[in-house]
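Pasted below: target29.tsv, TSV, C-alpha atoms.
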```
chain	number	residue	atom	x	y	z
W	1	MET	CA	19.99	24.99	27.72
W	2	SER	CA	18.54	23.00	24.85
W	3	VAL	CA	20.26	21.64	21.78
W	4	HIS	CA	18.54	21.82	18.42
W	5	ALA	CA	19.59	20.00	15.30
W	6	PRO	CA	19.84	22.23	12.25
W	7	ALA	CA	16.99	21.91	9.77
W	8	THR	CA	17.72	20.04	6.55
W	9	PRO	CA	17.49	22.03	3.31
W	10	GLU	CA	14.28	20.18	2.39
W	11	GLY	CA	12.74	20.96	5.79
W	12	ASP	CA	12.21	17.28	6.61
W	13	PRO	CA	13.73	15.92	9.80
W	14	PRO	CA	16.27	13.12	9.41
W	15	PRO	CA	15.07	9.54	10.05
W	16	LYS	CA	15.09	8.72	13.75
W	17	ALA	CA	15.56	4.96	13.43
W	18	THR	CA	18.40	3.77	11.23
W	19	LEU	CA	20.38	0.54	11.36
W	20	PHE	CA	24.05	0.63	10.36
W	21	CYS	CA	26.30	-2.24	9.27
W	22	PRO	CA	29.58	-2.00	11.19
W	23	ASP	CA	31.47	-3.90	8.48
W	24	CYS	CA	30.51	-2.18	5.22
W	25	GLY	CA	28.68	0.98	6.34
W	26	HIS	CA	25.31	0.12	4.75
W	27	GLU	CA	22.47	2.03	6.41
W	28	SER	CA	18.71	1.76	6.14
W	29	PRO	CA	15.62	2.04	8.36
W	30	PRO	CA	14.64	-1.13	10.29
W	31	THR	CA	11.91	-1.78	7.72
W	32	GLY	CA	14.35	-1.15	4.84
W	33	ASP	CA	16.24	-3.65	2.73
W	34	TRP	CA	17.74	-5.77	5.55
W	35	THR	CA	17.76	-9.55	5.15
W	36	VAL	CA	15.56	-11.11	7.85
W	37	ARG	CA	15.46	-14.83	8.64
W	38	ARG	CA	14.58	-17.10	11.52
W	39	ALA	CA	17.50	-18.20	13.72
W	40	ASP	CA	18.61	-21.82	13.80
W	41	PRO	CA	20.94	-22.14	16.82
W	42	ARG	CA	22.00	-25.58	15.61
W	43	ALA	CA	23.90	-23.90	12.79
W	44	ASP	CA	27.57	-23.24	13.45
W	45	GLY	CA	28.13	-19.84	15.00
W	46	GLU	CA	24.43	-18.99	15.15
W	47	ARG	CA	23.31	-16.84	18.06
W	48	GLY	CA	19.82	-16.70	19.49
W	49	ARG	CA	17.04	-19.21	19.97
W	50	THR	CA	15.01	-21.13	17.43
W	51	GLY	CA	12.42	-18.75	16.01
W	52	ASP	CA	14.37	-15.56	16.80
W	53	ALA	CA	14.65	-13.03	13.98
W	54	VAL	CA	18.18	-12.49	12.65
W	55	VAL	CA	18.66	-9.20	10.78
W	56	ALA	CA	21.62	-9.18	8.38
W	57	CYS	CA	23.18	-6.67	5.99
W	58	PRO	CA	21.96	-7.15	2.39
W	59	ASP	CA	25.36	-6.09	1.03
W	60	CYS	CA	27.87	-8.12	3.07
W	61	GLY	CA	25.75	-10.54	5.14
W	62	THR	CA	26.96	-9.34	8.56
W	63	GLU	CA	24.45	-10.04	11.35
W	64	ILE	CA	23.21	-6.68	12.64
W	65	ALA	CA	20.73	-7.81	15.29
W	66	THR	CA	18.96	-10.82	16.75
W	67	ARG	CA	15.48	-10.18	18.06
W	68	GLY	CA	12.76	-12.31	19.64
W	69	GLY	CA	10.47	-14.05	17.17
W	70	SER	CA	7.59	-11.79	18.21
W	71	GLU	CA	9.59	-8.85	16.80
W	72	LEU	CA	9.96	-10.43	13.36
W	73	ALA	CA	6.89	-8.70	11.87
W	74	PRO	CA	8.23	-5.11	12.19
W	75	PHE	CA	11.29	-6.07	10.14
W	76	ALA	CA	9.39	-7.93	7.42
```

Any chance you could give the structure as structure tokens?
Amino acid sequence: MSVHAPATPEGDPPPKATLFCPDCGHESPPTGDWTVRRADPRADGERGRTGDAVVACPDCGTEIATRGGSELAPFA
């Protein structure tokens, strides 16, 4: 048995990769309008290692993800 998603009225499939902010509900693709900066673990409350990419919500500033520095380019 297979499950098929219904087609959208426009005929285009929905985006497969979408990030969601758990605090305010903002959503956008990974290459969308997210704020991306390099981590500084010396800062209070900062997670990750120096050079890691921190992805934050552009609306409320909530950290969505921390990725290795080599993954920074796909978010920029």

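The two atoms in question, CA of Val36 in chain W and CA of Asp12 in chain W, are spaced 28.6 Å apart.
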
Query raised in the report: Can you list, as JSON, numbers by chain, every protein, DNA or RNA residue that comes within 12 Å of Thr35 in chain W when you count all atoms listed in the file, leaving out same-chain residues fewer than 6 positions away?
Result: {"W": [21, 28, 53, 54, 55, 56, 57, 58, 59, 60, 61, 62, 63, 64, 65, 66, 72, 75, 76]}

Query - Point-to-point distance from CA of Ala17 in chain W to CA of Arg67 in chain W, Å rounded to tenths - result: 15.8 Å

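The space separating CA of Arg38 in chain W from CA of Gly25 in chain W comes to 23.5 Å.
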